[in-house]
$ cat final.cif   # mmCIF, C-alpha atoms
data_structure
#
loop_
_atom_site.group_PDB
_atom_site.id
_atom_site.type_symbol
_atom_site.label_atom_id
_atom_site.label_comp_id
_atom_site.auth_asym_id
_atom_site.auth_seq_id
_atom_site.Cartn_x
_atom_site.Cartn_y
_atom_site.Cartn_z
ATOM 1 C CA MET A 1 -68.012 -36.633 -65.294
ATOM 2 C CA MET A 2 -68.080 -36.078 -61.523
ATOM 3 C CA ASN A 3 -67.148 -32.572 -60.465
ATOM 4 C CA PRO A 4 -64.625 -32.466 -59.058
ATOM 5 C CA THR A 5 -63.046 -35.833 -59.831
ATOM 6 C CA GLU A 6 -60.770 -37.065 -57.039
ATOM 7 C CA ILE A 7 -57.693 -38.576 -58.633
ATOM 8 C CA ILE A 8 -56.261 -39.246 -55.184
ATOM 9 C CA PRO A 9 -58.939 -38.778 -52.487
ATOM 10 C CA GLY A 10 -58.243 -35.641 -50.487
ATOM 11 C CA VAL A 11 -55.014 -34.857 -52.348
ATOM 12 C CA ILE A 12 -55.317 -34.492 -56.151
ATOM 13 C CA PHE A 13 -58.481 -33.236 -57.864
ATOM 14 C CA PHE A 14 -59.577 -32.544 -61.418
ATOM 15 C CA SER A 15 -62.180 -29.788 -61.590
ATOM 16 C CA TYR A 16 -64.505 -29.564 -64.586
ATOM 17 C CA HIS A 17 -67.593 -27.495 -65.330
ATOM 18 C CA SER A 18 -69.059 -25.257 -68.016
ATOM 19 C CA ALA A 19 -70.689 -22.373 -66.119
ATOM 20 C CA MET A 20 -69.150 -19.587 -64.043
ATOM 21 C CA ARG A 21 -68.863 -20.474 -60.383
ATOM 22 C CA LYS A 22 -68.006 -18.305 -57.401
ATOM 23 C CA GLU A 23 -66.995 -20.153 -54.270
ATOM 24 C CA LYS A 24 -66.599 -18.753 -50.781
ATOM 25 C CA ILE A 25 -63.722 -21.057 -49.959
ATOM 26 C CA ALA A 26 -63.185 -19.342 -46.600
ATOM 27 C CA PHE A 27 -60.329 -21.362 -45.055
ATOM 28 C CA LEU A 28 -57.497 -22.483 -47.343
ATOM 29 C CA GLU A 29 -55.888 -24.972 -45.006
ATOM 30 C CA HIS A 30 -53.110 -26.559 -47.106
ATOM 31 C CA ASN A 31 -50.361 -25.403 -49.422
ATOM 32 C CA THR A 32 -51.917 -26.026 -52.842
ATOM 33 C CA LEU A 33 -50.624 -26.197 -56.412
ATOM 34 C CA VAL A 34 -53.094 -25.415 -59.204
ATOM 35 C CA LEU A 35 -52.667 -25.889 -62.956
ATOM 36 C CA GLN A 36 -55.172 -24.007 -65.072
ATOM 37 C CA VAL A 37 -56.123 -26.233 -68.031
ATOM 38 C CA LEU A 38 -58.959 -24.126 -69.482
ATOM 39 C CA GLY A 39 -60.739 -20.938 -68.389
ATOM 40 C CA ARG A 40 -59.755 -18.368 -65.783
ATOM 41 C CA PHE A 41 -59.070 -18.958 -62.079
ATOM 42 C CA THR A 42 -59.127 -15.969 -59.696
ATOM 43 C CA LEU A 43 -58.161 -16.013 -56.023
ATOM 44 C CA GLU A 44 -58.898 -12.993 -53.840
ATOM 45 C CA THR A 45 -57.651 -12.704 -50.260
ATOM 46 C CA ALA A 46 -57.372 -9.727 -47.921
ATOM 47 C CA THR A 47 -53.954 -8.859 -49.368
ATOM 48 C CA GLN A 48 -53.881 -10.241 -52.927
ATOM 49 C CA LYS A 49 -55.980 -10.694 -56.030
ATOM 50 C CA ILE A 50 -54.377 -12.998 -58.554
ATOM 51 C CA SER A 51 -55.694 -14.576 -61.764
ATOM 52 C CA MET A 52 -54.417 -17.144 -64.225
ATOM 53 C CA GLU A 53 -55.534 -18.666 -67.489
ATOM 54 C CA ALA A 54 -54.797 -21.809 -69.521
ATOM 55 C CA GLY A 55 -51.289 -23.171 -69.020
ATOM 56 C CA GLU A 56 -50.492 -21.075 -65.946
ATOM 57 C CA MET A 57 -49.747 -22.422 -62.474
ATOM 58 C CA LEU A 58 -50.336 -20.968 -59.016
ATOM 59 C CA LEU A 59 -48.932 -21.979 -55.634
ATOM 60 C CA ILE A 60 -51.298 -21.067 -52.794
ATOM 61 C CA ARG A 61 -50.026 -20.646 -49.225
ATOM 62 C CA LYS A 62 -51.648 -22.535 -46.354
ATOM 63 C CA ASN A 63 -53.738 -20.932 -43.612
ATOM 64 C CA GLN A 64 -55.515 -18.214 -45.596
ATOM 65 C CA LEU A 65 -59.023 -16.918 -46.002
ATOM 66 C CA GLY A 66 -60.034 -16.285 -49.590
ATOM 67 C CA GLU A 67 -62.588 -16.413 -52.366
ATOM 68 C CA ILE A 68 -62.193 -18.291 -55.655
ATOM 69 C CA THR A 69 -63.932 -17.518 -58.943
ATOM 70 C CA LYS A 70 -63.908 -20.111 -61.748
ATOM 71 C CA MET A 71 -64.806 -18.766 -65.178
ATOM 72 C CA PRO A 72 -64.970 -20.554 -68.560
ATOM 73 C CA LEU A 73 -63.642 -18.513 -71.498
ATOM 74 C CA ASP A 74 -64.352 -18.392 -75.251
ATOM 75 C CA GLY A 75 -67.165 -20.958 -75.105
ATOM 76 C CA GLN A 76 -64.898 -23.654 -73.649
ATOM 77 C CA ASP A 77 -65.278 -25.615 -70.438
ATOM 78 C CA TYR A 78 -63.451 -24.690 -67.239
ATOM 79 C CA GLN A 79 -60.785 -27.199 -66.134
ATOM 80 C CA THR A 80 -58.116 -27.266 -63.421
ATOM 81 C CA ILE A 81 -55.908 -29.805 -61.712
ATOM 82 C CA VAL A 82 -55.471 -29.132 -57.996
ATOM 83 C CA ILE A 83 -52.862 -30.731 -55.740
ATOM 84 C CA ARG A 84 -52.965 -30.348 -51.964
ATOM 85 C CA LEU A 85 -49.478 -30.377 -50.480
ATOM 86 C CA THR A 86 -50.450 -31.500 -46.993
ATOM 87 C CA GLU A 87 -48.198 -30.715 -44.060
ATOM 88 C CA ASP A 88 -47.777 -34.402 -43.179
ATOM 89 C CA LEU A 89 -46.338 -35.138 -46.613
ATOM 90 C CA LEU A 90 -44.123 -32.042 -46.621
ATOM 91 C CA ARG A 91 -42.756 -33.021 -43.210
ATOM 92 C CA LYS A 92 -41.864 -36.473 -44.554
ATOM 93 C CA ILE A 93 -40.019 -34.922 -47.491
ATOM 94 C CA ALA A 94 -38.199 -32.535 -45.149
ATOM 95 C CA LEU A 95 -37.043 -35.487 -43.039
ATOM 96 C CA GLU A 96 -35.992 -37.570 -46.048
ATOM 97 C CA GLU A 97 -34.053 -34.715 -47.635
ATOM 98 C CA GLN A 98 -32.831 -33.243 -44.324
ATOM 99 C CA ILE A 99 -34.401 -29.892 -45.148
ATOM 100 C CA GLU A 100 -34.441 -27.362 -42.332
ATOM 101 C CA VAL A 101 -35.869 -23.850 -42.534
ATOM 102 C CA ALA A 102 -34.441 -21.459 -39.990
ATOM 103 C CA GLN A 103 -36.812 -18.542 -40.478
ATOM 104 C CA LYS A 104 -40.525 -18.029 -40.939
ATOM 105 C CA TYR A 105 -41.776 -17.395 -44.484
ATOM 106 C CA THR A 106 -42.974 -13.781 -44.765
ATOM 107 C CA GLU A 107 -43.166 -13.105 -48.520
ATOM 108 C CA ALA A 108 -46.210 -13.212 -50.848
ATOM 109 C CA SER A 109 -48.773 -15.850 -49.888
ATOM 110 C CA ASN A 110 -49.702 -16.772 -53.472
ATOM 111 C CA LEU A 111 -47.187 -17.156 -56.288
ATOM 112 C CA LEU A 112 -47.521 -17.677 -60.021
ATOM 113 C CA ILE A 113 -45.076 -20.412 -61.031
ATOM 114 C CA PRO A 114 -43.021 -19.813 -64.212
ATOM 115 C CA GLY A 115 -43.838 -22.077 -67.150
ATOM 116 C CA ASN A 116 -41.724 -25.210 -67.226
ATOM 117 C CA ASP A 117 -41.822 -28.195 -69.600
ATOM 118 C CA PHE A 118 -41.098 -30.691 -66.822
ATOM 119 C CA LEU A 119 -43.857 -29.439 -64.542
ATOM 120 C CA HIS A 120 -46.354 -29.349 -67.415
ATOM 121 C CA ALA A 121 -45.335 -32.905 -68.337
ATOM 122 C CA PHE A 122 -45.958 -33.907 -64.734
ATOM 123 C CA PHE A 123 -49.533 -32.604 -64.901
ATOM 124 C CA GLN A 124 -50.066 -34.360 -68.229
ATOM 125 C CA SER A 125 -49.091 -37.624 -66.555
ATOM 126 C CA LEU A 126 -52.175 -37.253 -64.326
ATOM 127 C CA MET A 127 -54.634 -36.887 -67.195
ATOM 128 C CA PRO A 128 -54.985 -40.639 -67.947
ATOM 129 C CA TYR A 129 -56.402 -41.033 -64.426
ATOM 130 C CA VAL A 130 -58.932 -38.277 -65.217
ATOM 131 C CA ARG A 131 -59.979 -39.927 -68.486
ATOM 132 C CA HIS A 132 -60.128 -43.400 -66.912
ATOM 133 C CA PRO A 133 -61.441 -42.924 -63.347
ATOM 134 C CA GLU A 134 -62.096 -46.648 -63.085
ATOM 135 C CA LYS A 135 -58.317 -47.169 -63.042
ATOM 136 C CA LYS A 136 -57.774 -46.317 -59.422
ATOM 137 C CA ILE A 137 -54.316 -44.910 -58.667
ATOM 138 C CA THR A 138 -52.693 -46.687 -55.711
ATOM 139 C CA ASN A 139 -51.862 -44.700 -52.607
ATOM 140 C CA GLU A 140 -48.162 -45.435 -53.066
ATOM 141 C CA VAL A 141 -48.110 -44.147 -56.646
ATOM 142 C CA GLY A 142 -50.185 -41.147 -55.599
ATOM 143 C CA ILE A 143 -47.708 -40.147 -52.898
ATOM 144 C CA LEU A 144 -44.848 -40.504 -55.377
ATOM 145 C CA LYS A 145 -46.667 -38.199 -57.807
ATOM 146 C CA VAL A 146 -47.135 -35.518 -55.168
ATOM 147 C CA LYS A 147 -43.488 -35.822 -54.116
ATOM 148 C CA GLU A 148 -42.517 -35.414 -57.762
ATOM 149 C CA ALA A 149 -44.469 -32.147 -57.881
ATOM 150 C CA VAL A 150 -42.646 -30.844 -54.804
ATOM 151 C CA TYR A 151 -39.192 -31.732 -56.186
ATOM 152 C CA LEU A 152 -40.008 -30.077 -59.520
ATOM 153 C CA LEU A 153 -41.140 -26.915 -57.732
ATOM 154 C CA LEU A 154 -37.896 -26.791 -55.769
ATOM 155 C CA ASP A 155 -35.890 -27.318 -58.946
ATOM 156 C CA ILE A 156 -37.672 -24.420 -60.681
ATOM 157 C CA MET A 157 -37.676 -22.077 -57.672
ATOM 158 C CA PRO A 158 -35.207 -23.101 -54.916
ATOM 159 C CA GLY A 159 -36.490 -20.213 -52.819
ATOM 160 C CA LEU A 160 -39.715 -22.143 -52.277
ATOM 161 C CA ARG A 161 -38.010 -24.106 -49.481
ATOM 162 C CA GLU A 162 -39.153 -21.479 -46.983
ATOM 163 C CA PHE A 163 -42.648 -21.383 -48.508
ATOM 164 C CA LEU A 164 -43.174 -25.153 -48.397
ATOM 165 C CA PHE A 165 -41.232 -26.208 -45.301
ATOM 166 C CA ASP A 166 -42.126 -23.489 -42.824
ATOM 167 C CA PHE A 167 -43.881 -25.517 -40.129
ATOM 168 C CA SER A 168 -43.986 -22.777 -37.510
ATOM 169 C CA GLU A 169 -47.244 -21.642 -35.974
ATOM 170 C CA PRO A 170 -48.684 -18.268 -37.068
ATOM 171 C CA TYR A 171 -47.304 -15.291 -35.181
ATOM 172 C CA LYS A 172 -49.725 -13.568 -32.842
ATOM 173 C CA MET A 173 -50.998 -10.906 -35.211
ATOM 174 C CA ASP A 174 -53.002 -7.698 -34.896
ATOM 175 C CA LEU A 175 -56.423 -9.146 -34.046
ATOM 176 C CA GLU A 176 -58.387 -5.926 -34.607
ATOM 177 C CA LYS A 177 -56.942 -5.335 -38.074
ATOM 178 C CA PHE A 178 -57.385 -8.978 -39.065
ATOM 179 C CA MET A 179 -61.016 -9.191 -37.972
ATOM 180 C CA LEU A 180 -62.021 -5.878 -39.570
ATOM 181 C CA THR A 181 -60.573 -7.166 -42.840
ATOM 182 C CA ASN A 182 -61.970 -10.716 -42.705
ATOM 183 C CA PHE A 183 -65.245 -10.585 -40.725
ATOM 184 C CA HIS A 184 -67.324 -11.536 -43.782
ATOM 185 C CA TYR A 185 -65.804 -15.011 -44.097
ATOM 186 C CA ASN A 186 -68.031 -17.777 -42.758
ATOM 187 C CA VAL A 187 -65.532 -19.796 -40.724
ATOM 188 C CA PRO A 188 -65.667 -21.165 -37.169
ATOM 189 C CA ILE A 189 -64.316 -19.038 -34.313
ATOM 190 C CA GLU A 190 -61.626 -21.696 -33.830
ATOM 191 C CA LYS A 191 -60.260 -20.935 -37.320
ATOM 192 C CA PHE A 192 -60.129 -17.208 -36.621
ATOM 193 C CA ALA A 193 -58.208 -17.995 -33.419
ATOM 194 C CA HIS A 194 -55.712 -20.207 -35.279
ATOM 195 C CA LEU A 195 -55.158 -17.672 -38.061
ATOM 196 C CA THR A 196 -54.370 -14.920 -35.556
ATOM 197 C CA GLY A 197 -51.896 -17.155 -33.688
ATOM 198 C CA ARG A 198 -53.971 -17.661 -30.551
ATOM 199 C CA SER A 199 -55.580 -20.421 -28.565
ATOM 200 C CA LEU A 200 -59.375 -20.285 -28.556
ATOM 201 C CA ALA A 201 -59.391 -19.011 -24.959
ATOM 202 C CA GLY A 202 -56.733 -16.400 -25.760
ATOM 203 C CA PHE A 203 -58.629 -15.277 -28.838
ATOM 204 C CA LYS A 204 -61.879 -14.804 -26.914
ATOM 205 C CA ARG A 205 -60.067 -12.942 -24.128
ATOM 206 C CA ASP A 206 -58.240 -10.568 -26.506
ATOM 207 C CA PHE A 207 -61.383 -10.111 -28.596
ATOM 208 C CA GLN A 208 -63.428 -9.020 -25.581
ATOM 209 C CA LYS A 209 -60.759 -6.471 -24.626
ATOM 210 C CA ILE A 210 -60.631 -4.971 -28.129
ATOM 211 C CA PHE A 211 -64.266 -5.044 -29.234
ATOM 212 C CA GLY A 212 -66.123 -5.163 -25.925
ATOM 213 C CA MET A 213 -68.280 -8.145 -26.875
ATOM 214 C CA ALA A 214 -68.094 -11.855 -27.720
ATOM 215 C CA PRO A 215 -66.818 -12.811 -31.211
ATOM 216 C CA ARG A 216 -70.074 -14.327 -32.516
ATOM 217 C CA ARG A 217 -72.137 -11.309 -31.504
ATOM 218 C CA TRP A 218 -69.603 -8.919 -33.049
ATOM 219 C CA LEU A 219 -69.460 -10.896 -36.302
ATOM 220 C CA LEU A 220 -73.235 -10.780 -36.641
ATOM 221 C CA GLU A 221 -73.294 -7.039 -35.912
ATOM 222 C CA MET A 222 -70.569 -6.296 -38.467
ATOM 223 C CA ARG A 223 -72.157 -8.416 -41.174
ATOM 224 C CA LEU A 224 -75.572 -6.841 -40.685
ATOM 225 C CA LYS A 225 -74.062 -3.342 -40.665
ATOM 226 C CA GLU A 226 -72.288 -4.078 -43.945
ATOM 227 C CA ALA A 227 -75.472 -5.571 -45.390
ATOM 228 C CA LEU A 228 -77.430 -2.398 -44.583
ATOM 229 C CA HIS A 229 -74.747 -0.287 -46.266
ATOM 230 C CA LEU A 230 -74.772 -2.434 -49.414
ATOM 231 C CA ILE A 231 -78.576 -2.464 -49.655
ATOM 232 C CA GLU A 232 -79.155 1.185 -48.757
ATOM 233 C CA LYS A 233 -76.183 2.843 -50.476
ATOM 234 C CA LYS A 234 -75.288 0.392 -53.253
ATOM 235 C CA ASN A 235 -78.803 -0.874 -54.052
ATOM 236 C CA LYS A 236 -77.667 -4.486 -53.729
ATOM 237 C CA LYS A 237 -80.242 -7.266 -53.601
ATOM 238 C CA PRO A 238 -80.292 -9.399 -50.411
ATOM 239 C CA SER A 239 -80.089 -12.599 -52.462
ATOM 240 C CA GLY A 240 -76.871 -11.340 -54.033
ATOM 241 C CA ILE A 241 -74.976 -10.458 -50.851
ATOM 242 C CA TYR A 242 -75.931 -12.804 -48.016
ATOM 243 C CA LEU A 243 -73.384 -15.510 -48.904
ATOM 244 C CA ASP A 244 -70.601 -12.949 -49.373
ATOM 245 C CA LEU A 245 -71.314 -11.664 -45.871
ATOM 246 C CA GLY A 246 -70.971 -15.040 -44.182
ATOM 247 C CA PHE A 247 -74.635 -16.042 -43.832
ATOM 248 C CA GLU A 248 -75.413 -19.674 -44.623
ATOM 249 C CA SER A 249 -78.964 -19.074 -45.849
ATOM 250 C CA LEU A 250 -81.117 -16.215 -47.113
ATOM 251 C CA SER A 251 -83.776 -16.978 -44.494
ATOM 252 C CA HIS A 252 -81.253 -16.700 -41.641
ATOM 253 C CA PHE A 253 -79.950 -13.443 -43.077
ATOM 254 C CA SER A 254 -83.440 -11.976 -43.516
ATOM 255 C CA HIS A 255 -84.527 -12.980 -39.991
ATOM 256 C CA SER A 256 -81.378 -11.503 -38.399
ATOM 257 C CA PHE A 257 -81.637 -8.322 -40.482
ATOM 258 C CA LYS A 258 -85.271 -7.715 -39.554
ATOM 259 C CA LYS A 259 -84.551 -8.368 -35.877
ATOM 260 C CA LYS A 260 -81.717 -5.819 -35.975
ATOM 261 C CA PHE A 261 -83.236 -3.067 -38.125
ATOM 262 C CA GLY A 262 -86.992 -3.588 -37.772
ATOM 263 C CA LYS A 263 -87.651 -4.261 -41.450
ATOM 264 C CA ALA A 264 -86.869 -7.133 -43.826
ATOM 265 C CA PRO A 265 -83.948 -6.419 -46.172
ATOM 266 C CA THR A 266 -86.252 -6.364 -49.209
ATOM 267 C CA GLU A 267 -88.261 -3.519 -47.631
ATOM 268 C CA TRP A 268 -85.205 -1.256 -47.759
ATOM 269 C CA LEU A 269 -85.213 -1.492 -51.542
ATOM 270 C CA ILE A 270 -88.732 -0.078 -51.885
#
$ encode --input "final.cif" --output "structure tokens"
Amino acid sequence: MMNPTEIIPGVIFFSYHSAMRKEKIAFLEHNTLVLQVLGRFTLETATQKISMEAGEMLLIRKNQLGEITKMPLDGQDYQTIVIRLTEDLLRKIALEEQIEVAQKYTEASNLLIPGNDFLHAFFQSLMPYVRHPEKKITNEVGILKVKEAVYLLLDIMPGLREFLFDFSEPYKMDLEKFMLTNFHYNVPIEKFAHLTGRSLAGFKRDFQKIFGMAPRRWLLEMRLKEALHLIEKKNKKPSGIYLDLGFESLSHFSHSFKKKFGKAPTEWLI
């Protein structure tokens, strides 16, 4: 079986594997609904760490940075069904149902959804498409299925209106606090600007005022400083930390580390 299987390309996925996997997801762009079929799913952001196991459901807020860990349990495979609730679709539903949200959503970014027979039955209705991938679901039916998920969520938790239909831009937030918390995520500067509620030019201008250097240089400095701390004080191996610190390859990390500190990271372990 392909992993993950796209039930509706870009919208609904079935994830399947049998070994633990840790993914630096970095930018969680869309509101997302996840049903845990088997195993344990853990999402960790700067403000929350939340886990769920078989039969549980999680609603993830758009525009976040986070890390996901997928772990099989009790010798079984790991399985999830993931539905992206894209803003375009949510806007269409808001227009059709004349839904207006007057205030910005400010509560928890990730919510466990209470068990519900109707929502579980909805997810079960997707399984035939997982078992028979050759039977391609039409775009029209796919959109109806996603709309059904949204209506069921609103029926279970009416308060999710603000969560789902808040289309406002992020408020201009404390850039220094945000960057010190999230510097290890490997995302483009443009994403950092968006998440702090700034244009790219405004982000670079504010960043220079606060940190006294350009964003890319500061990110590299912070990541290398944290790497030295982990290697020297925590006895961490370079191969075990470079991805968590936002480096795309071990060779790039090692080259940058040696250039900064005069020795390769492995030499600090001797």
$ closest_residue --input "final.cif" --among "A:Thr5, A:Thr181, A:Thr266, A:Gln76" --to "A:Glu232" --atoms "all atoms listed in the file"
A:Thr266
$ residues_around --input "final.cif" --residues "A:Glu226" --least-positions-apart "3" --cutoff "12 Å" --atoms "all atoms listed in the file" --output "PDB file with C-alpha atoms, in the coordinates of the input"
ATOM      1  CA  LEU A 180     -62.021  -5.878 -39.570  1.00  0.00           C
ATOM      2  CA  PHE A 183     -65.245 -10.585 -40.725  1.00  0.00           C
ATOM      3  CA  HIS A 184     -67.324 -11.536 -43.782  1.00  0.00           C
ATOM      4  CA  LEU A 219     -69.460 -10.896 -36.302  1.00  0.00           C
ATOM      5  CA  LEU A 220     -73.235 -10.780 -36.641  1.00  0.00           C
ATOM      6  CA  GLU A 221     -73.294  -7.039 -35.912  1.00  0.00           C
ATOM      7  CA  MET A 222     -70.569  -6.296 -38.467  1.00  0.00           C
ATOM      8  CA  ARG A 223     -72.157  -8.416 -41.174  1.00  0.00           C
ATOM      9  CA  HIS A 229     -74.747  -0.287 -46.266  1.00  0.00           C
ATOM     10  CA  LEU A 230     -74.772  -2.434 -49.414  1.00  0.00           C
ATOM     11  CA  ILE A 231     -78.576  -2.464 -49.655  1.00  0.00           C
ATOM     12  CA  GLU A 232     -79.155   1.185 -48.757  1.00  0.00           C
ATOM     13  CA  LYS A 233     -76.183   2.843 -50.476  1.00  0.00           C
ATOM     14  CA  LYS A 234     -75.288   0.392 -53.253  1.00  0.00           C
ATOM     15  CA  LYS A 236     -77.667  -4.486 -53.729  1.00  0.00           C
ATOM     16  CA  PRO A 238     -80.292  -9.399 -50.411  1.00  0.00           C
ATOM     17  CA  ILE A 241     -74.976 -10.458 -50.851  1.00  0.00           C
ATOM     18  CA  TYR A 242     -75.931 -12.804 -48.016  1.00  0.00           C
ATOM     19  CA  ASP A 244     -70.601 -12.949 -49.373  1.00  0.00           C
ATOM     20  CA  LEU A 245     -71.314 -11.664 -45.871  1.00  0.00           C
ATOM     21  CA  GLY A 246     -70.971 -15.040 -44.182  1.00  0.00           C
ATOM     22  CA  PHE A 257     -81.637  -8.322 -40.482  1.00  0.00           C
TER      23      PHE A 257
END
$ resolve_selection --input "final.cif" --expression "the PyMOL selection byres ((chain A and resi 57) around 10)" --output "VMD selection string"
chain A and resid 33 to 37 41 51 to 56 58 to 60 80 to 82 111 to 116 119 to 120
$ write_last_selection --input "final.cif" --atoms "C-alpha atoms" --output "PDB file, in the frame of the given file"
ATOM      1  CA  LEU A  33     -50.624 -26.197 -56.412  1.00  0.00           C
ATOM      2  CA  VAL A  34     -53.094 -25.415 -59.204  1.00  0.00           C
ATOM      3  CA  LEU A  35     -52.667 -25.889 -62.956  1.00  0.00           C
ATOM      4  CA  GLN A  36     -55.172 -24.007 -65.072  1.00  0.00           C
ATOM      5  CA  VAL A  37     -56.123 -26.233 -68.031  1.00  0.00           C
ATOM      6  CA  PHE A  41     -59.070 -18.958 -62.079  1.00  0.00           C
ATOM      7  CA  SER A  51     -55.694 -14.576 -61.764  1.00  0.00           C
ATOM      8  CA  MET A  52     -54.417 -17.144 -64.225  1.00  0.00           C
ATOM      9  CA  GLU A  53     -55.534 -18.666 -67.489  1.00  0.00           C
ATOM     10  CA  ALA A  54     -54.797 -21.809 -69.521  1.00  0.00           C
ATOM     11  CA  GLY A  55     -51.289 -23.171 -69.020  1.00  0.00           C
ATOM     12  CA  GLU A  56     -50.492 -21.075 -65.946  1.00  0.00           C
ATOM     13  CA  LEU A  58     -50.336 -20.968 -59.016  1.00  0.00           C
ATOM     14  CA  LEU A  59     -48.932 -21.979 -55.634  1.00  0.00           C
ATOM     15  CA  ILE A  60     -51.298 -21.067 -52.794  1.00  0.00           C
ATOM     16  CA  THR A  80     -58.116 -27.266 -63.421  1.00  0.00           C
ATOM     17  CA  ILE A  81     -55.908 -29.805 -61.712  1.00  0.00           C
ATOM     18  CA  VAL A  82     -55.471 -29.132 -57.996  1.00  0.00           C
ATOM     19  CA  LEU A 111     -47.187 -17.156 -56.288  1.00  0.00           C
ATOM     20  CA  LEU A 112     -47.521 -17.677 -60.021  1.00  0.00           C
ATOM     21  CA  ILE A 113     -45.076 -20.412 -61.031  1.00  0.00           C
ATOM     22  CA  PRO A 114     -43.021 -19.813 -64.212  1.00  0.00           C
ATOM     23  CA  GLY A 115     -43.838 -22.077 -67.150  1.00  0.00           C
ATOM     24  CA  ASN A 116     -41.724 -25.210 -67.226  1.00  0.00           C
ATOM     25  CA  LEU A 119     -43.857 -29.439 -64.542  1.00  0.00           C
ATOM     26  CA  HIS A 120     -46.354 -29.349 -67.415  1.00  0.00           C
TER      27      HIS A 120
END
$ closest_residue --input "final.cif" --among "A:Leu269, A:Pro215, A:Ala102, A:Asp206" --to "A:Ile189" --atoms "only C-alpha atoms"
A:Pro215
$ closest_residue --input "final.cif" --among "A:Glu23, A:Asp117, A:Glu6, A:Glu96" --to "A:Lys136" --atoms "only C-alpha atoms"
A:Glu6
$ atom_distance --input "final.cif" --atom1 "atom CA of A:Ile12" --atom2 "atom CA of A:Arg40"
19.3 Å
$ residues_around --input "final.cif" --residues "stretch 193-200 of chain A" --least-positions-apart "6" --cutoff "12 Å" --atoms "all atoms listed in the file" --output "PDB file with C-alpha atoms, keeping the file's coordinate frame"
ATOM      1  CA  ALA A  26     -63.185 -19.342 -46.600  1.00  0.00           C
ATOM      2  CA  PHE A  27     -60.329 -21.362 -45.055  1.00  0.00           C
ATOM      3  CA  LEU A  28     -57.497 -22.483 -47.343  1.00  0.00           C
ATOM      4  CA  GLU A  29     -55.888 -24.972 -45.006  1.00  0.00           C
ATOM      5  CA  LYS A  62     -51.648 -22.535 -46.354  1.00  0.00           C
ATOM      6  CA  ASN A  63     -53.738 -20.932 -43.612  1.00  0.00           C
ATOM      7  CA  GLN A  64     -55.515 -18.214 -45.596  1.00  0.00           C
ATOM      8  CA  LEU A  65     -59.023 -16.918 -46.002  1.00  0.00           C
ATOM      9  CA  SER A 168     -43.986 -22.777 -37.510  1.00  0.00           C
ATOM     10  CA  GLU A 169     -47.244 -21.642 -35.974  1.00  0.00           C
ATOM     11  CA  PRO A 170     -48.684 -18.268 -37.068  1.00  0.00           C
ATOM     12  CA  TYR A 171     -47.304 -15.291 -35.181  1.00  0.00           C
ATOM     13  CA  LYS A 172     -49.725 -13.568 -32.842  1.00  0.00           C
ATOM     14  CA  MET A 173     -50.998 -10.906 -35.211  1.00  0.00           C
ATOM     15  CA  ASP A 174     -53.002  -7.698 -34.896  1.00  0.00           C
ATOM     16  CA  LEU A 175     -56.423  -9.146 -34.046  1.00  0.00           C
ATOM     17  CA  GLU A 176     -58.387  -5.926 -34.607  1.00  0.00           C
ATOM     18  CA  LYS A 177     -56.942  -5.335 -38.074  1.00  0.00           C
ATOM     19  CA  PHE A 178     -57.385  -8.978 -39.065  1.00  0.00           C
ATOM     20  CA  MET A 179     -61.016  -9.191 -37.972  1.00  0.00           C
ATOM     21  CA  ASN A 182     -61.970 -10.716 -42.705  1.00  0.00           C
ATOM     22  CA  VAL A 187     -65.532 -19.796 -40.724  1.00  0.00           C
ATOM     23  CA  ASP A 206     -58.240 -10.568 -26.506  1.00  0.00           C
ATOM     24  CA  PHE A 207     -61.383 -10.111 -28.596  1.00  0.00           C
ATOM     25  CA  PRO A 215     -66.818 -12.811 -31.211  1.00  0.00           C
TER      26      PRO A 215
END
$ atom_distance --input "final.cif" --atom1 "atom CA of A:Phe13" --atom2 "atom CA of A:Lys104"
29.0 Å
$ residues_around --input "final.cif" --residues "A:Pro133" --least-positions-apart "3" --cutoff "10 Å" --atoms "all atoms listed in the file" --output "VMD selection string"
chain A and resid 1 to 2 5 to 7 127 to 130 136 to 137
$ decode --input "final.cif" --residues "stretch 106-111 of chain A" --atoms "N, CA, C and O atoms" --output "PDB file, in the first residue's frame"
ATOM      1  N   THR A 106      -9.245  32.789  19.640  1.00  0.00           N
ATOM      2  CA  THR A 106      -8.072  32.943  20.499  1.00  0.00           C
ATOM      3  C   THR A 106      -7.900  31.798  21.502  1.00  0.00           C
ATOM      4  O   THR A 106      -7.049  31.869  22.378  1.00  0.00           O
ATOM      5  N   GLU A 107      -8.710  30.748  21.387  1.00  0.00           N
ATOM      6  CA  GLU A 107      -8.628  29.643  22.341  1.00  0.00           C
ATOM      7  C   GLU A 107      -7.558  28.628  21.893  1.00  0.00           C
ATOM      8  O   GLU A 107      -6.734  28.926  21.035  1.00  0.00           O
ATOM      9  N   ALA A 108      -7.593  27.425  22.468  1.00  0.00           N
ATOM     10  CA  ALA A 108      -6.583  26.405  22.182  1.00  0.00           C
ATOM     11  C   ALA A 108      -6.504  26.111  20.682  1.00  0.00           C
ATOM     12  O   ALA A 108      -7.528  26.029  19.989  1.00  0.00           O
ATOM     13  N   SER A 109      -5.283  25.933  20.198  1.00  0.00           N
ATOM     14  CA  SER A 109      -5.067  25.723  18.763  1.00  0.00           C
ATOM     15  C   SER A 109      -5.346  24.292  18.317  1.00  0.00           C
ATOM     16  O   SER A 109      -5.570  24.046  17.136  1.00  0.00           O
ATOM     17  N   ASN A 110      -5.330  23.345  19.253  1.00  0.00           N
ATOM     18  CA  ASN A 110      -5.537  21.939  18.907  1.00  0.00           C
ATOM     19  C   ASN A 110      -6.506  21.324  19.907  1.00  0.00           C
ATOM     20  O   ASN A 110      -6.304  21.429  21.119  1.00  0.00           O
ATOM     21  N   LEU A 111      -7.564  20.692  19.396  1.00  0.00           N
ATOM     22  CA  LEU A 111      -8.651  20.234  20.247  1.00  0.00           C
ATOM     23  C   LEU A 111      -8.960  18.768  20.006  1.00  0.00           C
ATOM     24  O   LEU A 111      -9.169  18.347  18.857  1.00  0.00           O
TER      25      LEU A 111
END
